[in-house]
Amino acid sequence: MIDLRSLIAGGILVLAAGAAVAQEAPAPTEAAPTPPVLPTVTATLTLTLDASSDIERKTVIYQCDNGEGFRAQYVNAAPNFLAIVPVEGETHIFATTISASGARYVSGPYEWWDTGDEATLRDLRSGEDEPPLATCLAAGNAP
């Protein structure tokens, strides 16, 4: 017959052995959270302008002093005159504003000013003595 003391001692041994095995088992590692996959978003903008004359659209290729080149598009639809210029990897639509000479356009904090074949891009948040973000020359017109 099994004695109560033997049964209790056996239970304690089983519990102690289980605790020892649990201590030896490595703690489960937490998997690094995977970053969410963001969908690719593309958009198209259609802009309808009522013009008092023919609408002219011109593309100019610029080469800048920082070695970069790009295409700027001009939309002349009196009384609206727009320039579409890439700035820091994003396309900005600039609207014309008052200038003493040439064509001056603004888009948010940026100013695009072209005079003949020369153009400058400035961040209007910068001080007046700061150099422009880019100084560019027209390399040609594109079809």
# chains A, B, ... in the order shown; residues from 1 in each chain; ligands from 1
call {"tool": "residues_around", "arguments": {"residues": "range 64-69 of chain A", "least_positions_apart": "3", "cutoff": "8 Å", "atoms": "only C-alpha atoms", "output": "VMD selection string"}}
result
chain A and resid 61 134 to 137
call {"tool": "write_last_selection", "arguments": {"atoms": "C-alpha atoms", "output": "CSV table (one decimal), in the first residue's frame"}}
result
chain,number,residue,atom,x,y,z
A,61,ILE,CA,14.9,71.4,-70.3
A,134,ALA,CA,19.4,76.1,-57.8
A,135,THR,CA,20.6,78.4,-60.6
A,136,CYS,CA,19.8,76.9,-64.0
A,137,LEU,CA,20.2,77.6,-67.7
call {"tool": "closest_residue", "arguments": {"among": "A:Pro132, A:Trp113, A:Phe81, A:Gly127", "to": "Ile55 in chain A", "atoms": "only C-alpha atoms"}}
result
A:Phe81
call {"tool": "residues_around", "arguments": {"residues": "Ser101 in chain A", "least_positions_apart": "6", "cutoff": "10 Å", "atoms": "only C-alpha atoms", "output": "PDB file with N, CA and C atoms, in the first residue's frame"}}
result
ATOM      1  N   TRP A 113      11.952  81.700 -60.703  1.00  0.00           N
ATOM      2  CA  TRP A 113      12.030  82.969 -61.423  1.00  0.00           C
ATOM      3  C   TRP A 113      12.885  82.757 -62.658  1.00  0.00           C
ATOM      4  N   ASP A 114      12.266  82.960 -63.832  1.00  0.00           N
ATOM      5  CA  ASP A 114      13.060  82.821 -65.050  1.00  0.00           C
ATOM      6  C   ASP A 114      13.110  84.142 -65.800  1.00  0.00           C
ATOM      7  N   THR A 115      14.299  84.402 -66.307  1.00  0.00           N
ATOM      8  CA  THR A 115      14.553  85.603 -67.097  1.00  0.00           C
ATOM      9  C   THR A 115      15.356  85.148 -68.310  1.00  0.00           C
ATOM     10  N   GLY A 116      14.718  85.144 -69.451  1.00  0.00           N
ATOM     11  CA  GLY A 116      15.396  84.634 -70.651  1.00  0.00           C
ATOM     12  C   GLY A 116      15.702  83.160 -70.489  1.00  0.00           C
TER      13      GLY A 116
END
call {"tool": "atom_distance", "arguments": {"atom1": "CA of Trp112 in chain A", "atom2": "CA of Glu128 in chain A"}}
result
15.0 Å
call {"tool": "closest_residue", "arguments": {"among": "A:Ser53, A:Thr91, A:Thr59, A:Thr40", "to": "Arg71 in chain A", "atoms": "only C-alpha atoms"}}
result
A:Thr59
call {"tool": "atom_distance", "arguments": {"atom1": "CA of Pro131 in chain A", "atom2": "CA of Ala72 in chain A"}}
result
20.9 Å
call {"tool": "atom_distance", "arguments": {"atom1": "CA of Ala100 in chain A", "atom2": "CA of Val85 in chain A"}}
result
21.3 Å
call {"tool": "select_by_dssp", "arguments": {"residues": "range 75-138 of chain A", "states": "strand (DSSP E or B)", "output": "PyMOL selection string"}}
result
chain A and resi 75-77+80-87+90-97+103-107+110-115+118-123+134-138
call {"tool": "write_last_selection", "arguments": {"atoms": "N, CA and C atoms", "output": "compact mmCIF listing (two decimals), in the first residue's frame"}}
result
# COMPACT_ATOMS: atom_id res chain seq x y z
N VAL A 75 2.48 76.55 -68.73
CA VAL A 75 1.13 76.59 -69.28
C VAL A 75 0.71 78.05 -69.27
N ASN A 76 0.53 78.60 -70.45
CA ASN A 76 0.12 80.00 -70.59
C ASN A 76 -1.31 80.01 -71.12
N ALA A 77 -2.23 80.36 -70.24
CA ALA A 77 -3.65 80.40 -70.57
C ALA A 77 -4.22 81.66 -69.93
N ASN A 80 -4.25 83.02 -66.67
CA ASN A 80 -3.50 82.11 -65.81
C ASN A 80 -2.19 81.71 -66.48
N PHE A 81 -1.09 81.86 -65.75
CA PHE A 81 0.23 81.47 -66.24
C PHE A 81 0.86 80.59 -65.16
N LEU A 82 1.17 79.35 -65.53
CA LEU A 82 1.64 78.36 -64.56
C LEU A 82 2.97 77.78 -65.00
N ALA A 83 3.77 77.35 -64.03
CA ALA A 83 4.99 76.59 -64.28
C ALA A 83 4.91 75.32 -63.43
N ILE A 84 5.25 74.20 -64.02
CA ILE A 84 5.25 72.92 -63.31
C ILE A 84 6.71 72.50 -63.21
N VAL A 85 7.22 72.52 -61.97
CA VAL A 85 8.66 72.34 -61.73
C VAL A 85 8.86 71.29 -60.64
N PRO A 86 9.79 70.34 -60.85
CA PRO A 86 10.10 69.39 -59.77
C PRO A 86 10.98 70.05 -58.71
N VAL A 87 10.61 69.87 -57.44
CA VAL A 87 11.38 70.41 -56.32
C VAL A 87 11.54 69.29 -55.29
N GLU A 90 9.40 66.18 -55.75
CA GLU A 90 7.95 66.34 -55.88
C GLU A 90 7.64 67.36 -56.96
N THR A 91 6.53 67.15 -57.64
CA THR A 91 6.10 68.08 -58.68
C THR A 91 5.30 69.20 -58.03
N HIS A 92 5.72 70.44 -58.29
CA HIS A 92 5.02 71.61 -57.77
C HIS A 92 4.42 72.41 -58.92
N ILE A 93 3.22 72.91 -58.69
CA ILE A 93 2.58 73.79 -59.66
C ILE A 93 2.73 75.21 -59.14
N PHE A 94 3.46 76.02 -59.90
CA PHE A 94 3.75 77.41 -59.53
C PHE A 94 2.80 78.32 -60.29
N ALA A 95 2.29 79.34 -59.62
CA ALA A 95 1.43 80.35 -60.26
C ALA A 95 2.24 81.64 -60.39
N THR A 96 2.01 82.34 -61.49
CA THR A 96 2.76 83.57 -61.72
C THR A 96 2.34 84.64 -60.73
N THR A 97 3.29 85.53 -60.44
CA THR A 97 3.04 86.65 -59.54
C THR A 97 3.81 87.86 -60.07
N ALA A 103 9.69 86.22 -65.59
CA ALA A 103 8.46 85.60 -65.08
C ALA A 103 8.75 85.01 -63.72
N ARG A 104 8.02 85.44 -62.73
CA ARG A 104 8.21 84.98 -61.35
C ARG A 104 7.00 84.15 -60.97
N TYR A 105 7.27 82.95 -60.45
CA TYR A 105 6.21 82.03 -60.05
C TYR A 105 6.43 81.62 -58.60
N VAL A 106 5.36 81.32 -57.88
CA VAL A 106 5.46 80.83 -56.51
C VAL A 106 4.59 79.59 -56.32
N SER A 107 5.08 78.72 -55.43
CA SER A 107 4.34 77.52 -55.04
C SER A 107 4.71 77.25 -53.58
N TYR A 110 8.23 78.11 -52.18
CA TYR A 110 9.23 78.15 -53.24
C TYR A 110 8.93 79.24 -54.27
N GLU A 111 10.02 79.78 -54.83
CA GLU A 111 9.93 80.79 -55.88
C GLU A 111 10.75 80.29 -57.07
N TRP A 112 10.15 80.28 -58.25
CA TRP A 112 10.82 79.93 -59.51
C TRP A 112 10.79 81.19 -60.36
N TRP A 113 11.95 81.70 -60.70
CA TRP A 113 12.03 82.97 -61.42
C TRP A 113 12.88 82.76 -62.66
N ASP A 114 12.27 82.96 -63.83
CA ASP A 114 13.06 82.82 -65.05
C ASP A 114 13.11 84.14 -65.80
N THR A 115 14.30 84.40 -66.31
CA THR A 115 14.55 85.60 -67.10
C THR A 115 15.36 85.15 -68.31
N GLU A 118 17.86 81.99 -68.17
CA GLU A 118 18.29 81.75 -66.80
C GLU A 118 17.08 81.62 -65.87
N ALA A 119 17.23 80.75 -64.88
CA ALA A 119 16.15 80.57 -63.89
C ALA A 119 16.76 80.24 -62.54
N THR A 120 16.10 80.67 -61.48
CA THR A 120 16.54 80.36 -60.13
C THR A 120 15.38 79.80 -59.31
N LEU A 121 15.73 78.89 -58.43
CA LEU A 121 14.76 78.30 -57.50
C LEU A 121 15.20 78.70 -56.10
N ARG A 122 14.30 79.31 -55.35
CA ARG A 122 14.60 79.76 -53.99
C ARG A 122 13.56 79.21 -53.02
N ASP A 123 14.02 79.04 -51.79
CA ASP A 123 13.11 78.72 -50.69
C ASP A 123 12.89 80.05 -49.97
N ALA A 134 18.85 76.45 -56.50
CA ALA A 134 19.42 76.08 -57.80
C ALA A 134 19.43 77.29 -58.71
N THR A 135 20.47 77.38 -59.52
CA THR A 135 20.55 78.37 -60.59
C THR A 135 20.70 77.56 -61.86
N CYS A 136 19.83 77.79 -62.83
CA CYS A 136 19.75 76.91 -64.00
C CYS A 136 19.78 77.70 -65.30
N LEU A 137 20.21 77.00 -66.36
CA LEU A 137 20.18 77.55 -67.71
C LEU A 137 19.31 76.66 -68.58
N ALA A 138 18.52 77.26 -69.44
CA ALA A 138 17.71 76.48 -70.37
C ALA A 138 18.64 75.80 -71.36
call {"tool": "decode", "arguments": {"residues": "range 18-137 of chain A", "atoms": "C-alpha atoms", "output": "compact mmCIF listing (two decimals), in the first residue's frame"}}
result
# COMPACT_ATOMS: atom_id res chain seq x y z
CA GLY A 18 9.05 20.19 -13.94
CA ALA A 19 10.37 23.46 -12.55
CA ALA A 20 13.94 22.49 -13.47
CA VAL A 21 12.92 21.65 -17.04
CA ALA A 22 11.03 24.95 -17.32
CA GLN A 23 14.12 26.87 -16.20
CA GLU A 24 16.32 25.13 -18.77
CA ALA A 25 13.99 25.85 -21.69
CA PRO A 26 14.93 29.06 -23.48
CA ALA A 27 12.45 31.85 -23.22
CA PRO A 28 10.49 32.32 -26.41
CA THR A 29 11.91 35.15 -28.47
CA GLU A 30 9.62 37.87 -29.58
CA ALA A 31 9.46 38.23 -33.33
CA ALA A 32 10.37 41.67 -34.55
CA PRO A 33 7.22 43.42 -35.70
CA THR A 34 7.04 43.64 -39.45
CA PRO A 35 6.50 47.14 -40.76
CA PRO A 36 3.20 47.66 -42.52
CA VAL A 37 3.29 47.57 -46.29
CA LEU A 38 2.15 50.92 -47.59
CA PRO A 39 0.22 50.91 -50.84
CA THR A 40 1.67 52.72 -53.82
CA VAL A 41 -0.42 55.75 -54.59
CA THR A 42 -0.54 57.51 -57.90
CA ALA A 43 -2.80 60.33 -58.90
CA THR A 44 -3.60 62.32 -61.97
CA LEU A 45 -4.68 65.92 -61.99
CA THR A 46 -6.82 67.40 -64.71
CA LEU A 47 -7.02 71.16 -64.64
CA THR A 48 -9.56 73.01 -66.75
CA LEU A 49 -8.75 76.65 -67.50
CA ASP A 50 -10.99 79.10 -69.28
CA ALA A 51 -8.68 81.24 -71.38
CA SER A 52 -9.25 84.50 -73.17
CA SER A 53 -6.84 83.32 -75.90
CA ASP A 54 -5.16 80.16 -77.12
CA ILE A 55 -3.56 77.98 -74.47
CA GLU A 56 0.17 77.47 -74.95
CA ARG A 57 2.06 74.62 -73.32
CA LYS A 58 5.84 74.58 -73.50
CA THR A 59 8.42 72.23 -72.00
CA VAL A 60 11.94 73.53 -71.30
CA ILE A 61 14.93 71.39 -70.33
CA TYR A 62 17.14 73.03 -67.69
CA GLN A 63 20.68 72.25 -66.60
CA CYS A 64 21.53 73.56 -63.13
CA ASP A 65 24.78 74.55 -61.43
CA ASN A 66 24.43 71.65 -58.98
CA GLY A 67 24.76 69.24 -61.93
CA GLU A 68 21.11 68.26 -62.01
CA GLY A 69 18.89 68.63 -65.02
CA PHE A 70 15.11 68.53 -65.31
CA ARG A 71 12.13 69.51 -67.42
CA ALA A 72 9.86 72.40 -66.51
CA GLN A 73 6.50 72.83 -68.15
CA TYR A 74 4.86 76.18 -68.74
CA VAL A 75 1.13 76.59 -69.28
CA ASN A 76 0.12 80.00 -70.59
CA ALA A 77 -3.65 80.40 -70.57
CA ALA A 78 -4.34 84.11 -70.03
CA PRO A 79 -5.11 85.23 -67.36
CA ASN A 80 -3.50 82.11 -65.81
CA PHE A 81 0.23 81.47 -66.24
CA LEU A 82 1.64 78.36 -64.56
CA ALA A 83 4.99 76.59 -64.28
CA ILE A 84 5.25 72.92 -63.31
CA VAL A 85 8.66 72.34 -61.73
CA PRO A 86 10.10 69.39 -59.77
CA VAL A 87 11.38 70.41 -56.32
CA GLU A 88 13.08 67.90 -54.02
CA GLY A 89 11.50 64.92 -55.78
CA GLU A 90 7.95 66.34 -55.88
CA THR A 91 6.10 68.08 -58.68
CA HIS A 92 5.02 71.61 -57.77
CA ILE A 93 2.58 73.79 -59.66
CA PHE A 94 3.75 77.41 -59.53
CA ALA A 95 1.43 80.35 -60.26
CA THR A 96 2.76 83.57 -61.72
CA THR A 97 3.04 86.65 -59.54
CA ILE A 98 4.32 90.21 -59.85
CA SER A 99 7.90 90.68 -61.00
CA ALA A 100 10.00 93.60 -62.20
CA SER A 101 11.46 91.50 -65.02
CA GLY A 102 11.11 87.99 -66.32
CA ALA A 103 8.46 85.60 -65.08
CA ARG A 104 8.21 84.98 -61.35
CA TYR A 105 6.21 82.03 -60.05
CA VAL A 106 5.46 80.83 -56.51
CA SER A 107 4.34 77.52 -55.04
CA GLY A 108 4.07 77.35 -51.25
CA PRO A 109 7.45 78.42 -49.87
CA TYR A 110 9.23 78.15 -53.24
CA GLU A 111 9.93 80.79 -55.88
CA TRP A 112 10.82 79.93 -59.51
CA TRP A 113 12.03 82.97 -61.42
CA ASP A 114 13.06 82.82 -65.05
CA THR A 115 14.55 85.60 -67.10
CA GLY A 116 15.40 84.63 -70.65
CA ASP A 117 17.39 81.39 -70.50
CA GLU A 118 18.29 81.75 -66.80
CA ALA A 119 16.15 80.57 -63.89
CA THR A 120 16.54 80.36 -60.13
CA LEU A 121 14.76 78.30 -57.50
CA ARG A 122 14.60 79.76 -53.99
CA ASP A 123 13.11 78.72 -50.69
CA LEU A 124 11.39 81.88 -49.44
CA ARG A 125 11.77 80.70 -45.84
CA SER A 126 15.53 81.21 -46.17
CA GLY A 127 17.17 84.52 -45.45
CA GLU A 128 17.60 87.08 -48.23
CA ASP A 129 21.38 86.54 -48.20
CA GLU A 130 21.06 82.77 -48.65
CA PRO A 131 22.03 81.42 -52.08
CA PRO A 132 19.25 79.95 -54.24
CA LEU A 133 18.51 76.22 -54.11
CA ALA A 134 19.42 76.08 -57.80
CA THR A 135 20.55 78.37 -60.59
CA CYS A 136 19.75 76.91 -64.00
CA LEU A 137 20.18 77.55 -67.71
